[in-house]
Amino acid sequence: MVKSALRVLYKEKRAELKDSQKLKMDDLLLIRFQHLSFEHVLHLLSYWPIDLHREVNTHIMTQYLNFRIPGLQMAFPVLDPEINSFSALAVNGDTEFKKTRYGIMEPQDAVPLPAEEIDLIFVPLLCFDSKGYRVGYGKGYYDRYLKTCREDAIKVGFSYFDPVELIEDIDDFDVPLNLCITPNKIYEF
């Protein structure tokens, strides 16, 4: 299938999830995530899940890492829709977040964290394939950003669903994940 068709299909699949199913799958994702070792990670780029899109609750993963890695520096993206890019801004317990007109929670008055310092990146997705490529929301923000990161930065996706066999319209612009975690399995690429 092509990205546009997969986008529609997986938005529908997410919308059909009952709240109780989603909560259970978030817990299973956390359990799988806890089997991984990230002791070398000092800088994490996460994202605030958008409830309207029924995204995976990444907060539970960031809370777990915050507990396991003392001194972990977290960052969240701040979009620049004029040029379809974003910056990673470092946050702490006092950082305030504000919802944008796109429904995205972004940190306010935070300091940029250079892309080359980031060790671990949580990458949003609607679905992914057996080669680690993903379907996002179609603007290319993350693929552009990931090209600026270190090659050894670990790119992790979370999905309620198993991979599709192949995303047919992958191009040179797309950056694959290193790992994708589902309630049933951890996929390594």
# chains A, B, ... in the order shown; residues from 1 in each chain; ligands from 1
>>> residues_around(residues="A:Leu17", least_positions_apart="5", cutoff="12 Å", atoms="only C-alpha atoms", output="JSON, numbers by chain")
{"A": [10, 11, 12, 22, 23, 24, 25, 26, 53, 54, 55, 56, 160, 161]}
>>> closest_atom_pairs(of="stretch 108-187 of chain A", to="stretch 61-65 of chain A", cutoff="12 Å", atoms="only C-alpha atoms", output="Markdown table")
| residue | atom | partner | partner_atom | distance |
| --- | --- | --- | --- | --- |
| A:Leu120 | CA | A:Leu65 | CA | 10.8 |
| A:Ile121 | CA | A:Thr62 | CA | 10.9 |
| A:Phe122 | CA | A:Thr62 | CA | 9.4 |
| A:Val156 | CA | A:Met61 | CA | 11.2 |
| A:Gly157 | CA | A:Met61 | CA | 11.5 |
| A:Phe158 | CA | A:Met61 | CA | 10.2 |
| A:Ile181 | CA | A:Met61 | CA | 11.4 |
>>> write_last_selection(atoms="N, CA and C atoms", output="mmCIF file, in the first residue's frame")
data_model
loop_
_atom_site.group_PDB
_atom_site.id
_atom_site.type_symbol
_atom_site.label_atom_id
_atom_site.label_comp_id
_atom_site.auth_asym_id
_atom_site.auth_seq_id
_atom_site.Cartn_x
_atom_site.Cartn_y
_atom_site.Cartn_z
ATOM 1 N N LEU A 120 18.595 9.536 21.742
ATOM 2 C CA LEU A 120 17.401 8.709 21.573
ATOM 3 C C LEU A 120 16.257 9.599 21.122
ATOM 4 N N ILE A 121 15.535 9.144 20.114
ATOM 5 C CA ILE A 121 14.441 9.933 19.544
ATOM 6 C C ILE A 121 13.194 9.070 19.464
ATOM 7 N N PHE A 122 12.109 9.530 20.071
ATOM 8 C CA PHE A 122 10.805 8.901 19.910
ATOM 9 C C PHE A 122 10.167 9.534 18.676
ATOM 10 N N VAL A 156 13.221 5.415 17.701
ATOM 11 C CA VAL A 156 12.261 4.434 18.199
ATOM 12 C C VAL A 156 10.843 4.884 17.875
ATOM 13 N N GLY A 157 10.070 3.966 17.329
ATOM 14 C CA GLY A 157 8.644 4.197 17.116
ATOM 15 C C GLY A 157 7.833 3.301 18.032
ATOM 16 N N PHE A 158 6.600 3.696 18.280
ATOM 17 C CA PHE A 158 5.661 2.900 19.069
ATOM 18 C C PHE A 158 4.395 2.746 18.245
ATOM 19 N N ILE A 181 8.319 -0.611 18.653
ATOM 20 C CA ILE A 181 7.775 -1.418 19.737
ATOM 21 C C ILE A 181 6.270 -1.504 19.575
#
>>> closest_residue(among="A:Ala75, A:Val135, A:Leu44, A:Leu146", to="A:Val111", atoms="only C-alpha atoms")
A:Ala75
>>> select_by_dssp(residues="chain A", states="strand (DSSP E or B)", output="PyMOL selection string")
chain A and resi 43-45+73-80+85-91+97-99+105-107+111-112+120-122+127-129+134-135+154-158+164+179-181+186-188
>>> write_last_selection(atoms="C-alpha atoms", output="PDB file, in the first residue's frame")
ATOM      1  CA  HIS A  43      19.562  13.272  25.747  1.00  0.00           C
ATOM      2  CA  LEU A  44      16.057  12.234  24.653  1.00  0.00           C
ATOM      3  CA  LEU A  45      13.801  13.866  22.095  1.00  0.00           C
ATOM      4  CA  GLN A  73      17.902  15.795  29.478  1.00  0.00           C
ATOM      5  CA  MET A  74      14.575  15.664  27.661  1.00  0.00           C
ATOM      6  CA  ALA A  75      13.539  17.781  24.726  1.00  0.00           C
ATOM      7  CA  PHE A  76      10.332  18.271  22.776  1.00  0.00           C
ATOM      8  CA  PRO A  77       9.813  19.608  19.251  1.00  0.00           C
ATOM      9  CA  VAL A  78       8.623  23.104  18.448  1.00  0.00           C
ATOM     10  CA  LEU A  79       7.311  23.299  14.894  1.00  0.00           C
ATOM     11  CA  ASP A  80       8.022  25.981  12.334  1.00  0.00           C
ATOM     12  CA  SER A  85      10.745  21.882  10.204  1.00  0.00           C
ATOM     13  CA  PHE A  86      11.155  21.858  13.953  1.00  0.00           C
ATOM     14  CA  SER A  87      13.689  22.526  16.680  1.00  0.00           C
ATOM     15  CA  ALA A  88      14.234  20.391  19.767  1.00  0.00           C
ATOM     16  CA  LEU A  89      13.867  22.426  22.957  1.00  0.00           C
ATOM     17  CA  ALA A  90      15.260  21.182  26.271  1.00  0.00           C
ATOM     18  CA  VAL A  91      12.705  20.938  29.079  1.00  0.00           C
ATOM     19  CA  PHE A  97       3.682  23.691  27.599  1.00  0.00           C
ATOM     20  CA  LYS A  98       1.100  25.395  25.418  1.00  0.00           C
ATOM     21  CA  LYS A  99      -1.231  23.891  22.810  1.00  0.00           C
ATOM     22  CA  MET A 105       1.682  20.775  23.022  1.00  0.00           C
ATOM     23  CA  GLU A 106       4.975  22.679  22.752  1.00  0.00           C
ATOM     24  CA  PRO A 107       7.391  23.867  25.435  1.00  0.00           C
ATOM     25  CA  VAL A 111      16.479  26.432  25.267  1.00  0.00           C
ATOM     26  CA  PRO A 112      17.326  24.664  21.987  1.00  0.00           C
ATOM     27  CA  LEU A 120      17.401   8.709  21.573  1.00  0.00           C
ATOM     28  CA  ILE A 121      14.441   9.933  19.544  1.00  0.00           C
ATOM     29  CA  PHE A 122      10.805   8.901  19.910  1.00  0.00           C
ATOM     30  CA  CYS A 127       2.163   2.567  10.896  1.00  0.00           C
ATOM     31  CA  PHE A 128       5.492   1.041   9.900  1.00  0.00           C
ATOM     32  CA  ASP A 129       6.761  -1.684   7.599  1.00  0.00           C
ATOM     33  CA  ARG A 134       7.080   4.550   8.781  1.00  0.00           C
ATOM     34  CA  VAL A 135       4.055   6.494   7.710  1.00  0.00           C
ATOM     35  CA  ILE A 154      18.496   5.594  18.178  1.00  0.00           C
ATOM     36  CA  LYS A 155      15.166   6.179  16.461  1.00  0.00           C
ATOM     37  CA  VAL A 156      12.261   4.434  18.199  1.00  0.00           C
ATOM     38  CA  GLY A 157       8.644   4.197  17.116  1.00  0.00           C
ATOM     39  CA  PHE A 158       5.661   2.900  19.069  1.00  0.00           C
ATOM     40  CA  VAL A 164       2.681  -3.873   7.176  1.00  0.00           C
ATOM     41  CA  LEU A 179      13.360  -0.044  16.662  1.00  0.00           C
ATOM     42  CA  CYS A 180       9.596  -0.181  16.681  1.00  0.00           C
ATOM     43  CA  ILE A 181       7.775  -1.418  19.737  1.00  0.00           C
ATOM     44  CA  ILE A 186      10.067  -5.331  19.611  1.00  0.00           C
ATOM     45  CA  TYR A 187      11.130  -4.995  15.966  1.00  0.00           C
ATOM     46  CA  GLU A 188      14.779  -4.213  15.227  1.00  0.00           C
TER      47      GLU A 188
END
>>> closest_atom_pairs(of="stretch 12-57 of chain A", to="stretch 66-71 of chain A", cutoff="10 Å", atoms="only C-alpha atoms", output="Markdown table")
| residue | atom | partner | partner_atom | distance |
| --- | --- | --- | --- | --- |
| A:Gln34 | CA | A:Arg68 | CA | 9.8 |
| A:Ser37 | CA | A:Arg68 | CA | 9.9 |
| A:Phe38 | CA | A:Ile69 | CA | 8.2 |
| A:Glu39 | CA | A:Ile69 | CA | 6.8 |
| A:His40 | CA | A:Ile69 | CA | 8.9 |
| A:Val41 | CA | A:Ile69 | CA | 7.8 |
| A:Leu42 | CA | A:Gly71 | CA | 7.3 |
| A:His43 | CA | A:Gly71 | CA | 9.1 |
| A:Leu44 | CA | A:Asn66 | CA | 9.7 |
>>> atom_distance(atom1="atom CA of A:Asp174", atom2="atom CA of A:Lys139")
11.6 Å
>>> closest_residue(among="A:Val123, A:Glu117, A:Arg150, A:Pro49", to="A:Ile104", atoms="only C-alpha atoms")
A:Pro49
>>> decode(residues="stretch 44-94 of chain A", atoms="N, CA and C atoms", output="tab-separated table (two decimals), in the first residue's frame")
chain	number	residue	atom	x	y	z
A	44	LEU	N	17.22	12.86	25.29
A	44	LEU	CA	16.06	12.23	24.65
A	44	LEU	C	15.19	13.30	24.00
A	45	LEU	N	14.82	13.06	22.75
A	45	LEU	CA	13.80	13.87	22.10
A	45	LEU	C	12.52	13.04	22.08
A	46	SER	N	11.51	13.51	22.79
A	46	SER	CA	10.22	12.84	22.82
A	46	SER	C	9.21	13.71	22.10
A	47	TYR	N	7.96	13.37	22.20
A	47	TYR	CA	6.88	14.21	21.68
A	47	TYR	C	5.68	14.04	22.58
A	48	TRP	N	4.84	15.06	22.61
A	48	TRP	CA	3.63	15.03	23.42
A	48	TRP	C	2.54	14.37	22.58
A	49	PRO	N	1.98	13.24	23.04
A	49	PRO	CA	0.96	12.56	22.22
A	49	PRO	C	-0.29	13.41	22.06
A	50	ILE	N	-0.85	13.37	20.86
A	50	ILE	CA	-2.06	14.14	20.55
A	50	ILE	C	-3.27	13.23	20.79
A	51	ASP	N	-4.06	13.58	21.80
A	51	ASP	CA	-5.22	12.76	22.15
A	51	ASP	C	-6.19	12.60	20.97
A	52	LEU	N	-6.38	13.67	20.23
A	52	LEU	CA	-7.30	13.64	19.09
A	52	LEU	C	-6.90	12.57	18.07
A	53	HIS	N	-5.59	12.33	17.93
A	53	HIS	CA	-5.08	11.32	17.00
A	53	HIS	C	-4.94	9.95	17.64
A	54	ARG	N	-5.28	9.86	18.93
A	54	ARG	CA	-5.21	8.58	19.68
A	54	ARG	C	-3.80	8.00	19.61
A	55	GLU	N	-2.81	8.87	19.78
A	55	GLU	CA	-1.42	8.44	19.74
A	55	GLU	C	-1.04	7.67	21.00
A	56	VAL	N	0.00	6.88	20.88
A	56	VAL	CA	0.56	6.14	21.99
A	56	VAL	C	0.95	7.12	23.09
A	57	ASN	N	0.72	6.72	24.35
A	57	ASN	CA	1.06	7.56	25.49
A	57	ASN	C	2.57	7.51	25.74
A	58	THR	N	3.30	8.39	25.10
A	58	THR	CA	4.76	8.43	25.26
A	58	THR	C	5.17	8.96	26.63
A	59	HIS	N	4.26	9.60	27.35
A	59	HIS	CA	4.59	10.11	28.69
A	59	HIS	C	5.06	8.99	29.62
A	60	ILE	N	4.46	7.83	29.51
A	60	ILE	CA	4.86	6.75	30.42
A	60	ILE	C	6.27	6.25	30.09
A	61	MET	N	6.67	6.33	28.84
A	61	MET	CA	8.03	5.94	28.47
A	61	MET	C	9.04	6.99	28.97
A	62	THR	N	8.70	8.26	28.81
A	62	THR	CA	9.62	9.31	29.28
A	62	THR	C	9.73	9.31	30.79
A	63	GLN	N	8.63	9.05	31.49
A	63	GLN	CA	8.68	8.97	32.96
A	63	GLN	C	9.57	7.81	33.40
A	64	TYR	N	9.45	6.69	32.72
A	64	TYR	CA	10.29	5.54	33.04
A	64	TYR	C	11.77	5.88	32.84
A	65	LEU	N	12.11	6.48	31.70
A	65	LEU	CA	13.51	6.84	31.44
A	65	LEU	C	14.01	7.87	32.43
A	66	ASN	N	13.17	8.82	32.77
A	66	ASN	CA	13.55	9.85	33.74
A	66	ASN	C	13.91	9.22	35.09
A	67	PHE	N	13.18	8.18	35.45
A	67	PHE	CA	13.45	7.46	36.69
A	67	PHE	C	14.74	6.64	36.58
A	68	ARG	N	14.94	5.96	35.47
A	68	ARG	CA	16.07	5.05	35.28
A	68	ARG	C	17.39	5.75	35.00
A	69	ILE	N	17.32	6.97	34.40
A	69	ILE	CA	18.55	7.66	33.99
A	69	ILE	C	18.62	9.01	34.69
A	70	PRO	N	19.28	9.06	35.85
A	70	PRO	CA	19.42	10.34	36.54
A	70	PRO	C	20.14	11.36	35.65
A	71	GLY	N	19.64	12.56	35.61
A	71	GLY	CA	20.26	13.60	34.79
A	71	GLY	C	19.86	13.59	33.33
A	72	LEU	N	18.93	12.72	32.95
A	72	LEU	CA	18.47	12.68	31.56
A	72	LEU	C	17.95	14.05	31.15
A	73	GLN	N	18.41	14.54	30.03
A	73	GLN	CA	17.90	15.79	29.48
A	73	GLN	C	16.87	15.46	28.41
A	74	MET	N	15.64	15.89	28.64
A	74	MET	CA	14.57	15.66	27.66
A	74	MET	C	14.35	16.92	26.84
A	75	ALA	N	13.89	16.69	25.62
A	75	ALA	CA	13.54	17.78	24.73
A	75	ALA	C	12.25	17.42	24.00
A	76	PHE	N	11.56	18.44	23.55
A	76	PHE	CA	10.33	18.27	22.78
A	76	PHE	C	10.41	19.18	21.56
A	77	PRO	N	9.75	18.79	20.46
A	77	PRO	CA	9.81	19.61	19.25
A	77	PRO	C	8.93	20.85	19.33
A	78	VAL	N	9.41	21.90	18.68
A	78	VAL	CA	8.62	23.10	18.45
A	78	VAL	C	8.63	23.32	16.94
A	79	LEU	N	7.44	23.25	16.36
A	79	LEU	CA	7.31	23.30	14.89
A	79	LEU	C	7.48	24.70	14.34
A	80	ASP	N	8.02	24.76	13.13
A	80	ASP	CA	8.02	25.98	12.33
A	80	ASP	C	7.30	25.62	11.03
A	81	PRO	N	5.96	25.80	11.02
A	81	PRO	CA	5.18	25.38	9.85
A	81	PRO	C	5.49	26.15	8.57
A	82	GLU	N	6.12	27.30	8.70
A	82	GLU	CA	6.48	28.09	7.52
A	82	GLU	C	7.48	27.34	6.64
A	83	ILE	N	8.37	26.59	7.29
A	83	ILE	CA	9.40	25.88	6.52
A	83	ILE	C	9.35	24.36	6.76
A	84	ASN	N	8.23	23.88	7.35
A	84	ASN	CA	8.04	22.45	7.60
A	84	ASN	C	9.23	21.81	8.31
A	85	SER	N	9.66	22.45	9.41
A	85	SER	CA	10.75	21.88	10.20
A	85	SER	C	10.44	22.12	11.68
A	86	PHE	N	11.30	21.58	12.53
A	86	PHE	CA	11.16	21.86	13.95
A	86	PHE	C	12.51	21.92	14.62
A	87	SER	N	12.52	22.49	15.82
A	87	SER	CA	13.69	22.53	16.68
A	87	SER	C	13.37	21.72	17.92
A	88	ALA	N	14.39	21.11	18.50
A	88	ALA	CA	14.23	20.39	19.77
A	88	ALA	C	14.57	21.37	20.89
A	89	LEU	N	13.63	21.53	21.83
A	89	LEU	CA	13.87	22.43	22.96
A	89	LEU	C	13.96	21.62	24.24
A	90	ALA	N	15.02	21.87	25.01
A	90	ALA	CA	15.26	21.18	26.27
A	90	ALA	C	14.23	21.62	27.30
A	91	VAL	N	13.73	20.65	28.07
A	91	VAL	CA	12.71	20.94	29.08
A	91	VAL	C	13.16	20.42	30.44
A	92	ASN	N	12.51	20.95	31.48
A	92	ASN	CA	12.72	20.44	32.83
A	92	ASN	C	11.36	20.42	33.53
A	93	GLY	N	11.34	20.10	34.80
A	93	GLY	CA	10.09	19.99	35.54
A	93	GLY	C	9.30	21.27	35.64
A	94	ASP	N	9.95	22.41	35.41
A	94	ASP	CA	9.26	23.71	35.50
A	94	ASP	C	8.79	24.23	34.15
